[in-house]
file final37.tsv (TSV, C-alpha atoms and all ligand atoms)
chain	number	residue	atom	x	y	z
F	779	MET	CA	123.22	111.66	120.19
F	780	GLU	CA	121.20	108.44	120.45
F	781	LYS	CA	123.02	105.19	119.60
F	782	ALA	CA	123.61	104.90	115.82
F	783	LEU	CA	121.65	102.28	113.93
F	784	ARG	CA	123.97	99.44	112.88
F	785	VAL	CA	122.99	98.51	109.33
F	786	GLY	CA	123.84	95.61	107.01
F	787	ILE	CA	123.27	95.42	103.25
F	788	ILE	CA	122.20	92.18	101.56
F	789	GLY	CA	122.72	92.28	97.78
F	790	ALA	CA	125.38	94.68	96.46
F	791	GLY	CA	123.83	95.58	93.10
F	792	GLY	CA	122.34	98.67	91.49
F	793	ILE	CA	119.71	99.68	94.03
F	794	ALA	CA	122.03	99.09	97.01
F	795	ALA	CA	124.79	101.24	95.50
F	796	THR	CA	122.62	104.05	94.15
F	797	VAL	CA	119.81	104.33	96.70
F	798	HIS	CA	120.22	102.47	99.99
F	799	ILE	CA	123.90	103.04	100.79
F	800	PRO	CA	124.19	106.71	99.63
F	801	ASN	CA	121.04	107.63	101.55
F	802	TYR	CA	122.21	105.87	104.73
F	803	LEU	CA	125.46	107.80	104.38
F	804	LYS	CA	123.53	111.08	104.28
F	805	GLN	CA	122.39	110.24	107.84
F	806	LYS	CA	125.85	109.60	109.27
F	807	ASN	CA	124.86	110.86	112.71
F	808	LYS	CA	122.09	108.25	112.89
F	809	VAL	CA	123.45	105.27	110.93
F	810	GLU	CA	126.59	103.19	110.61
F	811	ILE	CA	126.84	100.75	107.68
F	812	VAL	CA	128.70	97.89	109.28
F	813	ALA	CA	128.62	95.00	106.81
F	814	ILE	CA	127.64	93.97	103.30
F	815	THR	CA	126.98	90.59	101.73
F	816	ASP	CA	126.49	89.33	98.18
F	817	VAL	CA	126.65	85.85	96.70
F	818	ALA	CA	128.97	87.40	94.10
F	819	LYS	CA	132.02	88.26	96.22
F	820	GLU	CA	133.42	90.69	93.64
F	821	ASN	CA	130.19	92.75	93.81
F	822	ALA	CA	130.28	92.91	97.60
F	823	LYS	CA	133.97	93.80	97.64
F	824	ALA	CA	133.65	96.52	94.99
F	825	VAL	CA	130.73	98.23	96.74
F	826	ALA	CA	132.40	97.86	100.15
F	827	LYS	CA	135.51	99.55	98.75
F	828	THR	CA	133.57	102.43	97.18
F	829	PHE	CA	131.66	103.18	100.37
F	830	ASN	CA	134.24	102.12	103.01
F	831	ILE	CA	132.22	99.27	104.47
F	832	ASN	CA	134.50	97.19	106.68
F	833	GLN	CA	132.99	93.72	106.80
F	834	VAL	CA	132.28	91.75	103.61
F	835	PHE	CA	130.45	88.42	103.39
F	836	THR	CA	129.18	86.06	100.70
F	837	ASP	CA	126.48	84.46	102.85
F	838	HIS	CA	123.76	86.49	104.56
F	839	GLN	CA	123.34	83.86	107.33
F	840	GLU	CA	127.00	84.22	108.21
F	841	MET	CA	126.74	88.01	108.28
F	842	LEU	CA	123.65	87.86	110.49
F	843	LYS	CA	125.38	85.43	112.86
F	844	GLU	CA	128.72	87.18	113.11
F	845	VAL	CA	127.76	90.84	113.13
F	846	GLU	CA	125.49	92.59	115.58
F	847	LEU	CA	123.02	94.51	113.43
F	848	ASP	CA	119.90	96.59	114.15
F	849	ALA	CA	118.60	96.84	110.59
F	850	VAL	CA	119.10	95.38	107.16
F	851	SER	CA	118.43	96.45	103.56
F	852	VAL	CA	117.35	93.54	101.36
F	853	CYS	CA	118.47	94.41	97.81
F	854	THR	CA	118.61	90.99	96.15
F	855	PRO	CA	116.64	89.80	93.11
F	856	ASN	CA	113.00	89.18	94.05
F	857	LYS	CA	113.36	85.39	94.27
F	858	PHE	CA	115.44	85.77	97.45
F	859	HIS	CA	113.43	88.54	99.20
F	860	ALA	CA	111.43	86.19	101.43
F	861	GLU	CA	114.23	83.86	102.50
F	862	VAL	CA	116.64	86.68	103.26
F	863	THR	CA	114.08	88.96	104.94
F	864	ILE	CA	112.80	86.18	107.21
F	865	ALA	CA	116.37	85.28	108.23
F	866	ALA	CA	117.12	88.94	109.04
F	867	LEU	CA	113.92	89.36	111.08
F	868	GLN	CA	114.69	86.16	112.99
F	869	ALA	CA	118.17	87.53	113.71
F	870	GLY	CA	116.47	90.52	115.40
F	871	CYS	CA	116.84	93.09	112.59
F	872	HIS	CA	114.37	95.63	111.28
F	873	VAL	CA	114.12	95.23	107.50
F	874	ILE	CA	113.56	97.39	104.47
F	875	CYS	CA	113.12	94.99	101.57
F	876	GLU	CA	113.05	96.14	97.97
F	877	LYS	CA	109.85	95.85	95.95
F	878	PRO	CA	107.94	93.75	95.03
F	879	PRO	CA	107.52	92.13	98.45
F	880	ALA	CA	108.08	88.55	97.28
F	881	MET	CA	107.34	85.95	94.61
F	882	THR	CA	104.16	84.50	96.16
F	883	VAL	CA	101.38	85.53	98.55
F	884	GLU	CA	102.44	82.77	100.97
F	885	GLU	CA	105.96	84.25	101.11
F	886	ALA	CA	104.64	87.78	101.74
F	887	GLN	CA	102.37	86.41	104.49
F	888	LYS	CA	105.25	84.54	106.13
F	889	MET	CA	107.36	87.71	106.01
F	890	ALA	CA	104.59	89.73	107.71
F	891	GLU	CA	104.00	87.01	110.32
F	892	THR	CA	107.71	86.79	111.12
F	893	ALA	CA	107.96	90.56	111.57
F	894	LYS	CA	105.03	90.42	113.98
F	895	GLN	CA	106.39	87.40	115.85
F	896	TYR	CA	109.80	89.01	116.37
F	897	GLY	CA	108.42	92.50	117.00
F	898	LYS	CA	110.46	94.03	114.18
F	899	ILE	CA	109.66	96.58	111.49
F	900	LEU	CA	109.24	95.25	107.96
F	901	THR	CA	108.73	97.81	105.22
F	902	TYR	CA	109.19	97.78	101.47
F	903	GLY	CA	111.04	100.00	98.99
F	904	LEU	CA	107.83	101.32	97.46
F	905	SER	CA	109.51	104.60	96.71
F	906	PHE	CA	106.65	106.47	95.01
F	907	ARG	CA	104.83	106.45	98.38
F	908	HIS	CA	107.41	108.96	99.49
F	909	THR	CA	107.00	111.47	96.66
F	910	GLN	CA	105.83	114.97	97.52
F	911	GLU	CA	102.83	114.43	95.22
F	912	VAL	CA	101.62	111.43	97.21
F	913	ASP	CA	102.42	113.02	100.59
F	914	THR	CA	100.55	116.18	99.62
F	915	LEU	CA	97.50	114.49	98.13
F	916	LYS	CA	97.28	112.20	101.18
F	917	ARG	CA	96.77	115.29	103.35
F	918	PHE	CA	93.92	116.45	101.07
F	919	ILE	CA	92.37	112.98	101.13
F	920	ASP	CA	92.67	112.78	104.93
F	921	GLU	CA	90.66	116.02	105.05
F	922	ASN	CA	88.02	114.31	102.85
F	923	GLU	CA	88.57	116.61	99.84
F	924	LEU	CA	87.92	113.75	97.39
F	925	GLY	CA	85.17	112.01	99.38
F	926	GLU	CA	84.82	108.27	98.77
F	927	ILE	CA	87.39	107.27	96.11
F	928	TYR	CA	85.64	104.62	94.05
F	929	ALA	CA	87.67	104.46	90.84
F	930	ALA	CA	91.33	104.66	89.87
F	931	ARG	CA	93.44	104.34	86.75
F	932	VAL	CA	97.06	103.25	86.98
F	933	HIS	CA	99.61	103.46	84.14
F	934	ALA	CA	103.29	102.47	84.12
F	935	ILE	CA	104.07	102.30	80.42
F	936	ARG	CA	107.33	102.63	78.55
F	937	ARG	CA	107.49	102.81	74.77
F	938	ARG	CA	110.86	100.98	74.59
F	939	GLY	CA	112.13	100.63	78.16
F	940	ILE	CA	113.03	96.99	78.51
F	941	PRO	CA	116.01	96.92	80.91
F	942	GLY	CA	119.15	95.70	79.15
F	943	TRP	CA	120.96	94.93	82.42
F	944	GLY	CA	120.39	92.89	85.59
F	945	VAL	CA	117.78	90.14	85.83
F	946	PHE	CA	114.68	92.20	85.01
F	947	THR	CA	113.68	90.01	82.05
F	948	ASN	CA	114.18	86.71	83.89
F	949	LYS	CA	110.88	85.37	85.23
F	950	GLU	CA	112.57	82.71	87.33
F	951	LEU	CA	114.49	85.32	89.37
F	952	GLN	CA	112.01	88.22	89.25
F	953	GLY	CA	108.60	86.56	89.24
F	954	GLY	CA	107.28	88.81	86.47
F	955	GLY	CA	107.92	91.78	84.20
F	956	PRO	CA	106.67	95.38	84.09
F	957	LEU	CA	103.77	94.60	86.43
F	958	ILE	CA	106.04	93.69	89.35
F	959	ASP	CA	108.79	96.14	88.41
F	960	ILE	CA	107.16	99.48	87.54
F	961	GLY	CA	103.41	98.77	87.68
F	962	VAL	CA	103.83	97.84	91.33
F	963	HIS	CA	104.88	101.42	92.19
F	964	MET	CA	101.79	103.03	90.63
F	965	LEU	CA	99.49	100.31	91.96
F	966	ASP	CA	100.88	100.78	95.47
F	967	ALA	CA	100.53	104.58	95.29
F	968	ALA	CA	96.87	104.24	94.22
F	969	LEU	CA	96.12	101.65	96.91
F	970	TYR	CA	97.75	103.79	99.59
F	971	LEU	CA	95.72	106.85	98.62
F	972	MET	CA	92.55	104.70	98.51
F	973	GLY	CA	93.23	103.39	102.04
F	974	TYR	CA	94.51	99.96	100.95
F	975	PRO	CA	91.09	98.31	100.49
F	976	GLU	CA	90.74	94.52	100.53
F	977	PRO	CA	90.64	93.14	96.94
F	978	ASP	CA	87.65	91.10	95.80
F	979	THR	CA	88.28	90.03	92.18
F	980	VAL	CA	91.05	90.54	89.64
F	981	PHE	CA	91.02	90.04	85.90
F	982	GLY	CA	94.39	90.20	84.14
F	983	VAL	CA	95.81	89.80	80.65
F	984	THR	CA	99.51	89.65	79.75
F	985	TYR	CA	101.27	89.92	76.39
F	986	GLN	CA	104.69	89.01	75.03
F	987	LYS	CA	104.75	90.79	71.67
F	988	LEU	CA	107.89	92.97	71.53
F	989	GLY	CA	110.36	91.77	74.17
F	990	ASN	CA	110.99	88.43	72.50
F	991	LYS	CA	112.30	90.12	69.36
F	992	PRO	CA	115.28	92.47	68.81
F	993	GLY	CA	114.36	96.16	68.81
F	994	VAL	CA	115.38	99.70	69.72
F	995	GLY	CA	116.91	99.50	73.20
F	996	LEU	CA	116.33	102.83	74.91
F	997	ALA	CA	117.30	101.20	78.22
F	998	GLY	CA	120.20	99.17	76.81
F	999	HIS	CA	119.89	96.16	74.53
F	1000	TRP	CA	117.89	93.49	76.23
F	1001	ASP	CA	118.41	89.74	75.95
F	1002	TRP	CA	115.47	89.08	73.63
F	1003	GLU	CA	116.38	85.43	73.12
F	1004	ASN	CA	115.94	84.66	76.84
F	1005	PHE	CA	113.06	87.09	77.44
F	1006	SER	CA	110.78	85.13	79.81
F	1007	ILE	CA	108.48	87.84	81.19
F	1008	GLU	CA	105.43	89.69	79.85
F	1009	ASP	CA	106.14	92.95	78.01
F	1010	MET	CA	102.66	94.23	78.84
F	1011	ALA	CA	100.16	93.49	81.60
F	1012	ARG	CA	96.63	94.88	81.79
F	1013	GLY	CA	94.00	94.30	84.38
F	1014	MET	CA	91.09	95.30	86.53
F	1015	VAL	CA	90.86	94.95	90.29
F	1016	THR	CA	87.61	95.24	92.22
F	1017	PHE	CA	87.55	95.67	95.99
F	1018	LYS	CA	85.24	94.46	98.77
F	1019	ASN	CA	84.21	98.10	99.39
F	1020	GLY	CA	83.00	98.47	95.77
F	1021	ALA	CA	85.98	100.48	94.47
F	1022	SER	CA	87.92	99.46	91.35
F	1023	ILE	CA	91.29	100.03	89.67
F	1024	ILE	CA	92.12	99.68	85.97
F	1025	LEU	CA	95.81	99.07	85.37
F	1026	GLU	CA	98.20	99.03	82.42
F	1027	SER	CA	101.91	98.35	82.66
F	1028	ALA	CA	104.45	97.80	79.89
F	1029	PHE	CA	108.21	97.72	79.33
F	1030	ALA	CA	107.49	98.12	75.60
F	1031	ALA	CA	104.35	99.23	73.75
F	1032	ASN	CA	103.70	101.17	70.57
F	1033	THR	CA	102.51	104.39	72.20
F	1034	GLU	CA	103.42	108.06	71.73
F	1035	LYS	CA	104.91	108.72	75.17
F	1036	HIS	CA	108.27	107.19	76.02
F	1037	ASP	CA	107.58	106.86	79.74
F	1038	GLU	CA	104.26	107.30	81.50
F	1039	MET	CA	103.95	106.79	85.24
F	1040	SER	CA	100.52	107.99	86.32
F	1041	VAL	CA	97.76	107.49	88.84
F	1042	SER	CA	94.30	109.03	88.46
F	1043	LEU	CA	91.77	108.89	91.27
F	1044	MET	CA	88.05	109.56	91.02
F	1045	GLY	CA	86.06	110.25	94.16
F	1046	GLU	CA	82.55	111.50	95.02
F	1047	SER	CA	83.75	115.00	95.99
F	1048	GLY	CA	86.80	115.26	93.79
F	1049	GLY	CA	89.37	113.55	91.64
F	1050	ALA	CA	93.10	113.88	91.11
F	1051	ASP	CA	95.99	113.13	88.85
F	1052	VAL	CA	98.96	112.36	91.06
F	1053	PHE	CA	102.04	112.69	88.78
F	1054	PRO	CA	102.01	115.68	88.39
F	1055	LEU	CA	99.51	116.59	91.10
F	1056	LYS	CA	96.25	118.22	90.05
F	1057	ILE	CA	92.93	118.08	91.90
F	1058	TYR	CA	89.52	118.28	90.21
F	1059	GLN	CA	86.41	119.35	92.12
F	1060	GLU	CA	82.96	120.88	91.79
F	1061	LYS	CA	82.48	123.83	94.16
F	1062	HIS	CA	79.73	126.49	94.27
F	1063	GLN	CA	78.35	125.21	90.93
F	1064	THR	CA	81.75	125.52	89.28
F	1065	LEU	CA	84.18	122.88	88.08
F	1066	ILE	CA	87.59	123.84	89.44
F	1067	ASP	CA	91.10	122.48	89.07
F	1068	THR	CA	93.71	122.96	91.80
F	1069	THR	CA	97.43	122.77	91.08
F	1070	PRO	CA	100.00	123.28	93.85
F	1071	SER	CA	102.18	126.25	93.03
F	1072	PHE	CA	105.05	124.77	95.05
F	1073	LEU	CA	106.09	121.32	96.21
F	1074	PRO	CA	109.37	120.81	98.09
F	1075	ALA	CA	112.07	119.27	95.88
F	1076	LYS	CA	112.76	116.37	98.23
F	1077	ASP	CA	114.04	113.16	96.65
F	1078	ASN	CA	111.61	110.32	97.33
F	1079	TYR	CA	114.32	107.68	97.78
F	1080	GLU	CA	116.05	109.89	100.32
F	1081	LEU	CA	112.78	110.38	102.20
F	1082	GLN	CA	112.03	106.63	102.07
F	1083	MET	CA	115.38	105.82	103.70
F	1084	GLU	CA	115.11	108.70	106.19
F	1085	ARG	CA	111.68	107.46	107.26
F	1086	PHE	CA	112.93	103.88	107.62
F	1087	ILE	CA	115.83	105.02	109.82
F	1088	ASP	CA	113.55	107.13	112.02
F	1089	CYS	CA	111.03	104.28	112.35
F	1090	CYS	CA	113.83	101.94	113.49
F	1091	LEU	CA	115.26	104.44	115.97
F	1092	ASN	CA	111.87	105.42	117.41
F	1093	GLU	CA	110.16	102.03	116.96
F	1094	ASP	CA	107.41	103.74	114.93
F	1095	GLN	CA	105.18	102.03	112.36
F	1096	PRO	CA	106.28	102.71	108.76
F	1097	ILE	CA	103.72	104.11	106.31
F	1098	SER	CA	104.30	101.10	104.06
F	1099	THR	CA	103.46	98.07	106.20
F	1100	ALA	CA	104.12	94.34	105.89
F	1101	GLU	CA	100.34	93.70	105.88
F	1102	GLN	CA	99.88	96.05	102.91
F	1103	GLY	CA	102.68	94.08	101.22
F	1104	VAL	CA	100.49	90.98	101.47
F	1105	ILE	CA	97.53	92.76	99.78
F	1106	LEU	CA	99.84	94.07	97.04
F	1107	GLN	CA	101.24	90.59	96.43
F	1108	LYS	CA	97.70	89.13	96.33
F	1109	ILE	CA	96.73	91.55	93.57
F	1110	ILE	CA	99.92	91.01	91.54
F	1111	ASN	CA	99.83	87.23	91.71
F	1112	GLY	CA	96.05	87.25	91.17
F	1113	LEU	CA	96.51	89.22	87.94
F	1114	TYR	CA	99.12	86.76	86.67
F	1115	GLU	CA	96.99	83.78	87.70
F	1116	SER	CA	93.97	85.28	85.95
F	1117	ALA	CA	96.03	85.94	82.80
F	1118	ASP	CA	97.23	82.32	82.79
F	1119	LYS	CA	93.76	80.89	83.30
F	1120	GLY	CA	91.94	83.36	81.06
F	1121	GLU	CA	89.33	83.97	83.73
F	1122	PRO	CA	88.83	86.26	86.75
F	1123	VAL	CA	90.27	85.27	90.14
F	1124	LYS	CA	88.14	85.93	93.21
F	1125	PHE	CA	89.54	86.29	96.72
F	1126	PHE	CA	87.56	84.88	99.60
F	1127	ALA	CA	87.81	86.13	103.19
F	1128	GLU	CA	90.36	84.12	105.19
Q	1	LIG	N1	112.62	100.85	94.20
Q	1	LIG	C1	113.12	100.96	92.99
Q	1	LIG	O1	112.93	101.95	92.30
Q	1	LIG	C2	113.98	99.83	92.45
Q	1	LIG	C3	114.80	100.05	91.34
Q	1	LIG	C4	115.60	99.00	90.90
Q	1	LIG	C5	115.56	97.76	91.54
Q	1	LIG	N2	114.73	97.59	92.61
Q	1	LIG	C6	114.65	96.27	93.30
Q	1	LIG	O2	115.89	96.02	93.94
Q	1	LIG	C7	116.21	94.64	93.91
Q	1	LIG	C8	117.58	94.44	93.32
Q	1	LIG	O3	117.62	95.06	92.07
Q	1	LIG	P1	119.00	95.62	91.45
Q	1	LIG	O4	118.61	96.46	90.31
Q	1	LIG	O5	119.86	96.19	92.52
Q	1	LIG	O6	119.62	94.22	90.95
Q	1	LIG	P2	121.14	93.88	90.63
Q	1	LIG	O7	121.09	92.70	89.74
Q	1	LIG	O8	121.88	95.10	90.21
Q	1	LIG	O9	121.72	93.47	92.08
Q	1	LIG	C9	121.31	92.35	92.81
Q	1	LIG	C10	122.50	91.84	93.62
Q	1	LIG	O10	122.04	90.82	94.51
Q	1	LIG	C11	123.03	89.79	94.52
Q	1	LIG	N3	122.39	88.56	95.00
Q	1	LIG	C12	121.69	87.64	94.31
Q	1	LIG	N4	121.23	86.69	95.17
Q	1	LIG	C13	121.66	87.03	96.40
Q	1	LIG	C14	121.51	86.45	97.70
Q	1	LIG	N5	120.80	85.33	97.88
Q	1	LIG	N6	122.11	87.04	98.75
Q	1	LIG	C15	122.83	88.17	98.58
Q	1	LIG	N7	123.00	88.78	97.38
Q	1	LIG	C16	122.41	88.20	96.32
Q	1	LIG	C17	123.54	89.73	93.09
Q	1	LIG	O11	124.80	89.09	93.00
Q	1	LIG	C18	123.62	91.22	92.74
Q	1	LIG	O12	124.88	91.79	93.09
Q	1	LIG	C19	115.07	93.96	93.14
Q	1	LIG	O13	114.14	93.46	94.05
Q	1	LIG	C20	114.44	95.11	92.35
Q	1	LIG	O14	113.05	94.91	92.12
Q	1	LIG	C21	113.97	98.59	93.07

call {"tool": "encode", "arguments": {"input": "final37.tsv", "output": "structure tokens", "more": "lines below"}}
Ligand SMILES: NC(=O)c1ccc[n+]([C@@H]2O[C@H](COP(=O)([O-])OP(=O)(O)OC[C@H]3O[C@@H](n4cnc5c(N)ncnc54)[C@H](O)[C@@H]3O)[C@@H](O)[C@H]2O)c1
result
Amino acid sequence: MEKALRVGIIGAGGIAATVHIPNYLKQKNKVEIVAITDVAKENAKAVAKTFNINQVFTDHQEMLKEVELDAVSVCTPNKFHAEVTIAALQAGCHVICEKPPAMTVEEAQKMAETAKQYGKILTYGLSFRHTQEVDTLKRFIDENELGEIYAARVHAIRRRGIPGWGVFTNKELQGGGPLIDIGVHMLDAALYLMGYPEPDTVFGVTYQKLGNKPGVGLAGHWDWENFSIEDMARGMVTFKNGASIILESAFAANTEKHDEMSVSLMGESGGADVFPLKIYQEKHQTLIDTTPSFLPAKDNYELQMERFIDCCLNEDQPISTAEQGVILQKIINGLYESADKGEPVKFFAE
């Protein structure tokens, strides 16, 4: 067996305990979780106890200094992603950082530059990339089944899904609401399937209509009195190659469906809905729809972590790169900036 990857966890909250740690533990022959750190000592200690992690810290710098690590999972609130990721890269660790990449474009750029400077892998927890639907459709797209994809529609809309736990409704710690939390997944999946084109202009609108009042809490009862994020974001993104995306994302909206996570792509030779996967084409003067009769039931979080581990061990490039993280952050922050200003935001070549 090759040497096991020595992993540290930064931030001992929900995503660390339900996704990162359990999926590292599934790869026991390849990974050893050596240490965990959290500013809240009781969180770090409780998670360490549950998963038998020996070394517990309350300061990530101390952990990075005292423990020899090959890789780190960054599972803190978004405000700390950049600071913690950069410190881990500088300490010689590969990093998987949870989504969204950061709070600002400058932070995402610095993270990508640091990864390059230190020759380390930096990837993000953009877990829908690793679904069977996206993997499968990517193979069709690579074989040019859709032709040039020039239009996409992205929805991440919950009827009443404002999280009633954690810091999801705190703009200061998260940087935004449904756009950066659930919209980011669908936006990233669309961008990936479109080849991550360079954005040209964004036009965004945000609303705070339901979250700042008490209501039916299907995801727990949220703190409506301190609700500082948007409950809905809408927007359009155009790209330098002429393509465009229309996006809608909401934690709460008066719609029929309780939870809609969807990506639709429209290309010159075909289109597709991604979740669930269905491909639309015109062949031999007939409009045909193609639905896979079988997709492997592989959990996308498990595959995300498996791929990260293999990239670290083999020094391979991840499918979700630090440079794509910068483009994603540009679009997100551009949409918020446009919503604030009430006018489109154009990106100029750097
Ligand atoms: N990929 C997904 O599907 C998904 C799902 C949920 C959350 N997330 C992301 O995961 C991250 C964490 O979310 P969560 O739900 O686990 O939050 P959480 O509130 O449950 O946990 C965050 C933990 O980080 C700790 N923390 C805060 N600042 C820290 C610091 N500077 N250093 C170390 N620890 C620190 C907190 O004490 C807390 O224990 C966020 O970026 C979120 O967007 C991703």

call {"tool": "residues_around", "arguments": {"input": "final37.tsv", "residues": "segment 976-986 of chain F", "least_positions_apart": "3", "cutoff": "9 Å", "atoms": "all atoms listed in the file", "output": "ChimeraX atom specification"}}
result
/F:989-990,1005-1020,1022,1105,1108-1109,1112-1118,1120-1127

call {"tool": "closest_residue", "arguments": {"input": "final37.tsv", "among": "F:Asn807, F:Gln1082, F:Thr914, F:Thr1064", "to": "ligand LIG 1 (chain Q)", "atoms": "all atoms listed in the file"}}
result
F:Gln1082

call {"tool": "atom_distance", "arguments": {"input": "final37.tsv", "atom1": "atom CA of Ala1028 of chain F", "atom2": "atom CA of Ala934 of chain F"}}
result
6.4 Å

call {"tool": "atom_distance", "arguments": {"input": "final37.tsv", "atom1": "atom CA of Lys823 of chain F", "atom2": "atom C7 of ligand LIG 1 (chain Q)"}}
result
18.2 Å

call {"tool": "residues_around", "arguments": {"input": "final37.tsv", "residues": "Gly897 of chain F", "least_positions_apart": "4", "cutoff": "12 Å", "atoms": "all atoms listed in the file", "output": "MDAnalysis selection string"}}
result
chainID F and resid 867:873 890:893 1090 1093:1095

call {"tool": "closest_residue", "arguments": {"input": "final37.tsv", "among": "F:Asp913, F:Glu1080, F:Phe829, F:Leu1073", "to": "ligand LIG 1 (chain Q)", "atoms": "only C-alpha atoms and all ligand atoms"}}
result
F:Glu1080

call {"tool": "residues_around", "arguments": {"input": "final37.tsv", "residues": "Met1044 of chain F", "least_positions_apart": "5", "cutoff": "9 Å", "atoms": "all atoms listed in the file", "output": "count of residues only"}}
result
11

call {"tool": "atom_distance", "arguments": {"input": "final37.tsv", "atom1": "atom CA of Gln1107 of chain F", "atom2": "atom CA of Ile1057 of chain F"}}
result
29.1 Å

call {"tool": "axis_aligned_box", "arguments": {"input": "final37.tsv", "around": "segment 874-886 of chain F", "padding_each_side": "5 Å", "output": "AutoDock Vina command-line options"}}
result
--center_x 107.5 --center_y 90.1 --center_z 99.5 --size_x 22.2 --size_y 24.6 --size_z 19.9

call {"tool": "closest_residue", "arguments": {"input": "final37.tsv", "among": "F:Val812, F:Leu842, F:Ile958, F:Leu915", "to": "ligand LIG 1 (chain Q)", "atoms": "all atoms listed in the file"}}
result
F:Ile958

call {"tool": "closest_residue", "arguments": {"input": "final37.tsv", "among": "F:Asn821, F:Asn1078, F:Ser1098, F:Thr815", "to": "Val834 of chain F", "atoms": "only C-alpha atoms"}}
result
F:Thr815

call {"tool": "residues_around", "arguments": {"input": "final37.tsv", "residues": "Lys781 of chain F", "least_positions_apart": "4", "cutoff": "10 Å", "atoms": "only C-alpha atoms", "output": "ChimeraX atom specification"}}
result
/F:807-810,1091

call {"tool": "closest_residue", "arguments": {"input": "final37.tsv", "among": "F:Leu951, F:Met972, F:Ala813, F:Ala1030", "to": "ligand LIG 1 (chain Q)", "atoms": "only C-alpha atoms and all ligand atoms"}}
result
F:Leu951

call {"tool": "closest_residue", "arguments": {"input": "final37.tsv", "among": "F:Asn832, F:Asn1111, F:Gln805, F:Thr1099", "to": "Met889 of chain F", "atoms": "all atoms listed in the file"}}
result
F:Thr1099

call {"tool": "residues_around", "arguments": {"input": "final37.tsv", "residues": "Cys1089 of chain F", "least_positions_apart": "6", "cutoff": "10 Å", "atoms": "all atoms listed in the file", "output": "ChimeraX atom specification"}}
result
/F:872,899,901,1083,1095-1097
